[in-house]
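**Q** Quick one: structure below, then a few questions.
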Amino acid sequence: MKFSENWLRSLVDIRADSDTLARRLTMSGLEVAEVAPIGGSLDDVVVARIVACAPHPDAAKLRVCRVDTGTGEVQIVCGAPNAREDVLAPLAMVGAKLPNGTTIEPTKLRGVESQGMLCSGKELGVDADASGLMELPADAPVGKPLADYLRLPDTAIEVELTPNRGDCLGMLGLADEVAAEFGARAQPFQPLQIPAAISAPREIRLEAGADCPRYLGRAVRGIDMTARTPVWIAQRLRAAGVKPINAVVDVTNYVMLETGQPLHAFDEAKIGGAIVVRHARNGETLKLLDESDASLDPSFLVIADDARALAVAGVMGGFDSRVTDSTQDVFLEAAHFVPAAIMGRARKLGLTTDAAHRFERGVDPELPRAAIERATALLMEIAGGQPGEVVESMTPQHLGQPATILLRRARIARVLGIAIDDAEVERILTALGMQLAERGDGWLVTPPSRRFDIEREEDLIEEVARIHGYDAIPARLPAGAPPAPHEDESVLPVSALTASLAARDYHEAICYAFVDPRLLQTWQLEADAVPLANPLSAEMAVMRTSLLPGLVEALKRNRNRQQTRVRLFETGVVFAKQGAGSREQGKAEAGKAAPAETVMLAAVACGGAHAEQWGEPKRALDFFDIKGDLEALLALPGSAARWSFDAHDLPGWLHPGRGARVLRDGVAVGAVGVLHPLLQRQLELPETNVFEVRLDVLRQRDIVTAKRLPHFPSIRRDIAVEVDDAVEWAAVAAAIQSGLPAMLHELVLFDCFRGPGLGLGRKSLAIGLILQDSSRTLTDQDADRCVVDAVARLESEFGARLRK
């Protein structure tokens, strides 16, 4: 937001210089990015009129002008293309020193004397336009110092606002902020209520009332498009970086800068019938004001008439319905759009507009009527015309209402560490436009409709702190001895898990908790996503429902930078709508609840199984490698037997033949495997292996208890059994363990063979049975009997056959 300091001071009277103002704004959270003086050195620059203009005798692009300075006439040689008779422009007299350091002296240009310099706005430091002379209105007083005429010097201040402070994208909001900061009072904004002089009704239909809950319009007929914008408005626009164009456009831009409410003006003659606010149709196109062709889809909101789209709502008007020099009647529009309906639409069209910038952050829903009245008054003052009645359509149920919030004195002191006087708290909040009602322990506070960011008690405390002054809050270390660290032996430290992954060549990553909703749709993870009320951008509009999409994007970026072997892991919170697992709960109830948060651990890997070396043959990472990395983590808490894997009911993003659910005590808590080939193609990735598991479950550790070492030796028997290829090792192991509960000490799978000698669709499993008894030494007969029992169990359950 860029603005004129003089304009701000006309709205709020403060006793502070520009540097102090900039510092206080920054300290209150409105970071000042630039302070640029305007017209600070314009002595001996006056308003002048070109009395006569003739071609230079020896230069085709130069003109010799006779210029009236108000005290006489001088000869000026000028090369500006718009230098002509009767034009009023700034003249730097001999001896003037311009803001760029140039001192004006008498000179000869191609043999012709020049006694000064006719200037462009850029040469004077008051505008960015260097295309020609800065033309002044015909009623500008010749001979008057330009600084006095333009109300200079001034300062252009640019503040970088965070997305939650859309209320400061207008001078009125900034004035309230500065008034609160300096203990002053801002001028009340009370636009004239312009009565209708003619009848000019028009139907307004809100077919997308949830996205546009309020729309106002007004016809002003018989305007003079040749009328010049007053110099005070034009100068304020230039200071804000906006080029004056014509009376209608300048008025809508001025009111937007003043109030923060974007407006648009249509040529009324080019509107056919009713105004319709609707979603665009698939394949619908619209030529915009910048003469680009916008291809629209139903995600866009449009302003249309009965026949066609006229504008992309909240972004830019259409070319065919624009105001031109021949326009006589205009239709002014002021509407309220919900941020989600506008967010990202301008970027999707490759545009950046002031209107979209404001609507994406949220505009006060009560502003449209005041803004349209202010625009009507200014337009009639400048260009004449007769106003019609204000026509309005609204859906009140979609207009948000500020909530009343309890602010407690004790909570202020607890959070800030200091006590702030009640009078100061009330002054600050009242100056910020909030309504207060006293309660025994504090206040009931209702924020103004423009403050979308005030939702809870902590938001109010932040407002008190930043206006009271962060530098007024003392920096103190907390008192008292720190509590002794307490480690719960039943919980495995996260550091143990991360150290294990680091030892396996994984690098820790930290990804944003906000993701692009389209990315979640690609992963089929969007169903329970929590949308942000005020996202930083359209690409960060929802909370992540899984760590994997962000991690895989990080892997992809590393791959695109010549990293062929990438292994990343992350621990972090994922979010889902409350009640997402129970579809019987009402959507409205689920939407109001805080999101469910789950801490997860995830890892992604691609490329070679080993770093480049000579000791082992090169091979690609596969499912068993990533599963082995996960099993190493599962073994750390000392409860590996409680974990298992299941290849059924896999999530849609996993490869159906090379993936598994991760279960603890039979309950699914994660997944591991190769990404689905279709997903890999959509993401333009090579084969990528991943896992994700709930961190709280992974950290559960069995308390270690001491056991007596065995007095009797163990016996090992190896067997090879042939089973169907579809039989999983986990099922085989479970069958053997249940059949030999007393003597089986350990079970080892040391080979899996498919090939010659086996039937089609069969495999051979080589299994080591380690047997031991705590009360006696086992005999060969005991071991042989266990082998027979194990083989019989496998034969009965899986049709297994013992291989000789």
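Just remember, in the structure tokens the first chain shown is A, the second B, etc., residues are 1-based per chain, and ligands are 1-based in the order shown.
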Going by DSSP on the backbone, which residues of range 558-705 of chain A come out as alpha helix (DSSP H)? List them as a ChimeraX atom specification.
**A** /A:558-559,587-592,623-635,677-683,695-698
**Q** Near Asn253 in chain A, counting only C-alpha atoms, which residues have an atom at most 9 Å away, once you skip same-chain residues fewer than 3 positions from it, shown as a short mmCIF file (atom, residue, chain, number, x, y, z; two decimals) with N, CA, C and O atoms, in the first residue's frame?
**A**
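The new file part_30.cif reads:
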data_model
loop_
_atom_site.label_atom_id
_atom_site.label_comp_id
_atom_site.auth_asym_id
_atom_site.auth_seq_id
_atom_site.Cartn_x
_atom_site.Cartn_y
_atom_site.Cartn_z
N LEU A 237 -3.29 10.52 -6.40
CA LEU A 237 -3.18 9.28 -7.17
C LEU A 237 -1.73 9.02 -7.57
O LEU A 237 -1.22 7.90 -7.45
N VAL A 242 -0.52 5.60 -8.94
CA VAL A 242 -1.62 5.39 -9.88
C VAL A 242 -1.63 6.54 -10.88
O VAL A 242 -1.65 7.72 -10.48
N PRO A 244 -3.20 9.11 -13.37
CA PRO A 244 -4.52 9.67 -13.72
C PRO A 244 -4.85 9.39 -15.19
O PRO A 244 -3.99 9.50 -16.06
N VAL A 248 -13.78 9.54 -14.69
CA VAL A 248 -14.49 8.38 -14.16
C VAL A 248 -13.52 7.39 -13.53
O VAL A 248 -13.69 6.95 -12.38
N VAL A 249 -12.47 7.04 -14.27
CA VAL A 249 -11.49 6.08 -13.75
C VAL A 249 -10.78 6.64 -12.53
O VAL A 249 -10.54 5.93 -11.54
N ASP A 250 -10.45 7.93 -12.59
CA ASP A 250 -9.74 8.54 -11.45
C ASP A 250 -10.60 8.55 -10.20
O ASP A 250 -10.11 8.33 -9.09
N MET A 256 -11.30 3.96 -4.09
CA MET A 256 -10.70 2.69 -3.65
C MET A 256 -9.53 2.96 -2.71
O MET A 256 -9.40 2.31 -1.65
N LEU A 257 -8.66 3.91 -3.07
CA LEU A 257 -7.53 4.23 -2.20
C LEU A 257 -8.00 4.85 -0.89
O LEU A 257 -7.40 4.63 0.16
N GLU A 258 -9.05 5.62 -0.95
CA GLU A 258 -9.54 6.30 0.24
C GLU A 258 -10.21 5.33 1.20
O GLU A 258 -9.93 5.33 2.41
N PRO A 262 -12.88 -1.50 -3.67
CA PRO A 262 -12.77 -1.38 -5.12
C PRO A 262 -14.13 -1.07 -5.75
O PRO A 262 -15.16 -1.57 -5.31
N LEU A 263 -14.10 -0.25 -6.79
CA LEU A 263 -15.31 0.06 -7.55
C LEU A 263 -15.01 -0.16 -9.04
O LEU A 263 -13.85 -0.21 -9.45
N HIS A 264 -16.08 -0.22 -9.83
CA HIS A 264 -15.91 -0.32 -11.28
C HIS A 264 -17.01 0.49 -11.93
O HIS A 264 -18.12 0.60 -11.39
#
**Q** Mind checking which residues fall within 12 Å of Arg110 in chain A, counting only C-alpha atoms, ignoring those fewer than 6 positions away in the same chain, and posting them as a list in words?
**A** His56, Pro57, Asp58, Ala59, Ala60, Lys61, Leu62, Arg63, Val64, Val77 and Cys78 of chain A
**Q** Excluding same-chain residues fewer than 4 positions from Met543 in chain A, what lies within 9 Å of it counting only C-alpha atoms, as a VMD selection string?
**A** chain A and resid 512 to 517 529 to 532 574 to 576
**Q** Can you work out which one of A:Asp782, A:Val46, A:Pro188, A:Val159 has the shortest atom-to-atom distance to Leu118 in chain A, counting only C-alpha atoms?
**A**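 Checking each candidate against Leu118 in chain A, we get A:Val46 as the closest.
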**Q** When you look at Met93 in chain A with a cut-off of 8 Å (counting only C-alpha atoms), what residues show up, excluding the ones that are within fewer than 4 positions of it in the same chain? I need them as number ranges by chain.
**A** A: 44-46, 104, 115-117
**Q** Keeping N, CA, C and O atoms for every residue in the selection just given, could you write it to a file as a short mmCIF file (atom, residue, chain, number, x, y, z; two decimals), in the first residue's frame?
**A**
data_model
loop_
_atom_site.label_atom_id
_atom_site.label_comp_id
_atom_site.auth_asym_id
_atom_site.auth_seq_id
_atom_site.Cartn_x
_atom_site.Cartn_y
_atom_site.Cartn_z
N ASP A 44 11.84 27.93 -7.72
CA ASP A 44 11.99 28.51 -9.06
C ASP A 44 11.38 27.63 -10.15
O ASP A 44 11.77 27.72 -11.32
N VAL A 45 10.43 26.74 -9.76
CA VAL A 45 9.64 26.00 -10.75
C VAL A 45 8.22 26.55 -10.65
O VAL A 45 7.61 26.53 -9.58
N VAL A 46 7.71 27.05 -11.78
CA VAL A 46 6.42 27.74 -11.76
C VAL A 46 5.49 27.15 -12.81
O VAL A 46 5.90 26.40 -13.70
N ILE A 104 19.49 24.39 -13.61
CA ILE A 104 19.08 24.95 -14.89
C ILE A 104 19.89 26.23 -15.16
O ILE A 104 19.92 27.15 -14.32
N GLN A 115 16.07 29.64 -22.20
CA GLN A 115 16.16 30.30 -20.91
C GLN A 115 15.38 29.54 -19.82
O GLN A 115 14.62 30.12 -19.07
N GLY A 116 15.57 28.25 -19.75
CA GLY A 116 14.88 27.44 -18.75
C GLY A 116 14.54 26.07 -19.33
O GLY A 116 15.07 25.65 -20.37
N MET A 117 13.65 25.36 -18.65
CA MET A 117 13.33 23.99 -19.07
C MET A 117 11.88 23.67 -18.73
O MET A 117 11.45 23.78 -17.58
#
**Q** So, with only C-alpha atoms as the atoms that count, which of A:Ile770, A:Asp320, A:Gly657, A:Thr777 lies closest to His711 in chain A?
**A**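 Among A:Ile770, A:Asp320, A:Gly657, A:Thr777, it is A:Thr777 that comes nearest to His711 in chain A.
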**Q** Restricting the calculation to only C-alpha atoms, which member of A:Glu424, A:Asp43, A:Asp724, A:Glu631 is positioned closest to Leu497 in chain A?
**A** A:Glu631
**Q** Enumerate, as a VMD selection string, the complete set of residues in range 56-211 of chain A that a backbone-based DSSP assignment places in strand (DSSP E or B).
**A** chain A and resid 56 59 to 68 73 to 78 88 to 93 97 103 107 to 109 112 to 114 116 to 118 136 145 154 to 160 186 204 to 206
**Q** Can I get the selected residues back with N, CA and C atoms, as a CSV table (one decimal), in the first residue's frame?
**A**
chain,number,residue,atom,x,y,z
A,56,HIS,N,12.0,23.9,-34.6
A,56,HIS,CA,13.4,24.4,-34.5
A,56,HIS,C,14.0,24.4,-35.9
A,59,ALA,N,16.6,21.3,-36.2
A,59,ALA,CA,16.4,20.0,-35.5
A,59,ALA,C,14.9,19.6,-35.6
A,60,ALA,N,14.7,18.5,-36.3
A,60,ALA,CA,13.3,18.1,-36.6
A,60,ALA,C,12.5,17.7,-35.3
A,61,LYS,N,13.2,17.3,-34.2
A,61,LYS,CA,12.4,16.8,-33.0
A,61,LYS,C,12.3,17.9,-32.0
A,62,LEU,N,12.9,19.1,-32.2
A,62,LEU,CA,12.9,20.1,-31.2
A,62,LEU,C,11.9,21.2,-31.7
A,63,ARG,N,11.3,21.9,-30.6
A,63,ARG,CA,10.4,23.1,-30.9
A,63,ARG,C,10.9,24.3,-30.1
A,64,VAL,N,10.7,25.4,-30.7
A,64,VAL,CA,11.1,26.7,-30.0
A,64,VAL,C,9.8,27.3,-29.5
A,65,CYS,N,9.7,27.4,-28.2
A,65,CYS,CA,8.5,27.9,-27.5
A,65,CYS,C,8.7,29.2,-26.9
A,66,ARG,N,7.7,30.1,-27.0
A,66,ARG,CA,7.6,31.3,-26.3
A,66,ARG,C,6.7,31.1,-25.1
A,67,VAL,N,7.2,31.2,-23.9
A,67,VAL,CA,6.5,30.8,-22.7
A,67,VAL,C,6.2,32.0,-21.7
A,68,ASP,N,5.0,32.0,-21.3
A,68,ASP,CA,4.5,33.0,-20.3
A,68,ASP,C,4.8,32.5,-18.9
A,73,GLU,N,7.8,36.9,-20.6
A,73,GLU,CA,7.9,35.7,-21.5
A,73,GLU,C,9.4,35.4,-21.7
A,74,VAL,N,9.7,34.1,-21.8
A,74,VAL,CA,11.0,33.6,-22.1
A,74,VAL,C,11.0,32.6,-23.2
A,75,GLN,N,12.1,32.4,-23.8
A,75,GLN,CA,12.2,31.4,-24.9
A,75,GLN,C,12.8,30.1,-24.4
A,76,ILE,N,12.1,29.0,-24.8
A,76,ILE,CA,12.5,27.7,-24.3
A,76,ILE,C,12.6,26.8,-25.5
A,77,VAL,N,13.6,26.0,-25.6
A,77,VAL,CA,13.8,25.0,-26.6
A,77,VAL,C,13.4,23.7,-26.0
A,78,CYS,N,12.4,23.0,-26.6
A,78,CYS,CA,11.8,21.8,-25.9
A,78,CYS,C,11.6,20.7,-26.9
A,88,LEU,N,-0.4,24.3,-20.6
A,88,LEU,CA,0.2,24.7,-19.3
A,88,LEU,C,1.0,23.6,-18.8
A,89,ALA,N,2.3,23.9,-18.4
A,89,ALA,CA,3.2,22.9,-17.9
A,89,ALA,C,4.2,23.6,-16.9
A,90,PRO,N,4.9,22.7,-16.1
A,90,PRO,CA,5.9,23.3,-15.2
A,90,PRO,C,7.1,23.8,-15.9
A,91,LEU,N,7.6,25.0,-15.5
A,91,LEU,CA,8.8,25.6,-16.1
A,91,LEU,C,9.8,25.8,-15.0
A,92,ALA,N,11.0,25.2,-15.2
A,92,ALA,CA,12.1,25.4,-14.3
A,92,ALA,C,12.9,26.6,-14.8
A,93,MET,N,12.8,27.6,-14.0
A,93,MET,CA,13.5,28.9,-14.4
A,93,MET,C,15.0,28.7,-14.3
A,97,LYS,N,17.1,24.3,-9.2
A,97,LYS,CA,17.8,23.0,-9.0
A,97,LYS,C,16.8,21.9,-8.8
A,103,THR,N,21.0,21.6,-12.3
A,103,THR,CA,20.8,23.0,-12.1
A,103,THR,C,20.6,23.6,-13.5
A,107,THR,N,21.3,28.2,-22.0
A,107,THR,CA,22.1,27.4,-22.9
A,107,THR,C,21.6,27.6,-24.3
A,108,LYS,N,22.3,27.0,-25.2
A,108,LYS,CA,22.0,27.0,-26.7
A,108,LYS,C,21.8,25.6,-27.1
A,109,LEU,N,20.7,25.3,-27.8
A,109,LEU,CA,20.4,24.0,-28.3
A,109,LEU,C,20.4,24.1,-29.8
A,112,VAL,N,20.1,27.8,-30.9
A,112,VAL,CA,18.9,28.6,-30.4
A,112,VAL,C,19.0,28.7,-28.9
A,113,GLU,N,18.9,29.9,-28.4
A,113,GLU,CA,19.0,30.1,-26.9
A,113,GLU,C,17.7,29.5,-26.2
A,114,SER,N,18.0,29.0,-25.0
A,114,SER,CA,16.9,28.5,-24.2
A,114,SER,C,17.1,29.0,-22.8
A,116,GLY,N,15.6,28.2,-19.8
A,116,GLY,CA,14.9,27.4,-18.8
A,116,GLY,C,14.5,26.1,-19.3
A,117,MET,N,13.6,25.4,-18.6
A,117,MET,CA,13.3,24.0,-19.1
A,117,MET,C,11.9,23.7,-18.7
A,118,LEU,N,11.1,23.3,-19.7
A,118,LEU,CA,9.8,22.8,-19.5
A,118,LEU,C,9.9,21.3,-19.1
A,136,LEU,N,-0.8,20.5,-17.1
A,136,LEU,CA,-1.6,21.0,-16.0
A,136,LEU,C,-3.0,21.5,-16.5
A,145,PRO,N,4.1,29.3,-8.0
A,145,PRO,CA,5.0,28.3,-7.7
A,145,PRO,C,4.4,26.9,-7.8
A,154,ASP,N,5.7,16.7,-0.4
A,154,ASP,CA,4.9,15.6,0.1
A,154,ASP,C,5.9,14.4,0.2
A,155,THR,N,5.4,13.3,0.8
A,155,THR,CA,6.2,12.1,0.9
A,155,THR,C,5.3,10.9,0.6
A,156,ALA,N,5.9,10.1,-0.3
A,156,ALA,CA,5.2,8.8,-0.6
A,156,ALA,C,5.7,7.7,0.3
A,157,ILE,N,4.8,7.1,1.1
A,157,ILE,CA,5.2,6.1,2.0
A,157,ILE,C,4.6,4.8,1.5
A,158,GLU,N,5.4,3.7,1.5
A,158,GLU,CA,4.9,2.4,1.1
A,158,GLU,C,5.0,1.5,2.3
A,159,VAL,N,3.9,0.8,2.6
A,159,VAL,CA,3.9,-0.2,3.7
A,159,VAL,C,3.6,-1.5,3.1
A,160,GLU,N,4.3,-2.5,3.7
A,160,GLU,CA,4.1,-3.9,3.3
A,160,GLU,C,3.2,-4.6,4.3
A,186,ALA,N,-9.1,10.4,14.4
A,186,ALA,CA,-9.2,10.5,12.9
A,186,ALA,C,-10.5,11.2,12.5
A,204,ILE,N,-31.0,-6.5,-10.3
A,204,ILE,CA,-29.7,-7.2,-9.9
A,204,ILE,C,-30.1,-8.6,-9.4
A,205,ARG,N,-29.5,-9.6,-10.1
A,205,ARG,CA,-29.7,-11.0,-9.7
A,205,ARG,C,-28.4,-11.6,-9.1
A,206,LEU,N,-28.5,-12.1,-7.9
A,206,LEU,CA,-27.3,-12.7,-7.3
A,206,LEU,C,-27.5,-14.2,-7.4
**Q** Which residue is closest to Asp629 in chain A? Choose from A:Val788, A:Leu685, A:Cys119, A:Val690 and count only C-alpha atoms.
**A**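 Of all the options, A:Val690 lies closest to Asp629 in chain A.
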**Q** Of the candidates A:Gln737, A:Thr404, A:Thr498, A:Gln772, which shows the shortest atom-to-atom distance to Leu794 in chain A, using only C-alpha atoms?
**A**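 Counting only C-alpha atoms, the residue closest to Leu794 in chain A is A:Gln737.
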**Q** So that I can see what lies close to Lys577 in chain A, please list as a PyMOL selection string the residues with an atom at most 6 Å from it, counting only C-alpha atoms and leaving out residues fewer than 5 positions away in the same chain.
**A** chain A and resi 528+530+595-596
**Q** Do you have the CA of Pro387 in chain A-CA of Ala335 in chain A distance handy?
**A**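 One can read the CA of Pro387 in chain A to CA of Ala335 in chain A distance as 18.3 Å.
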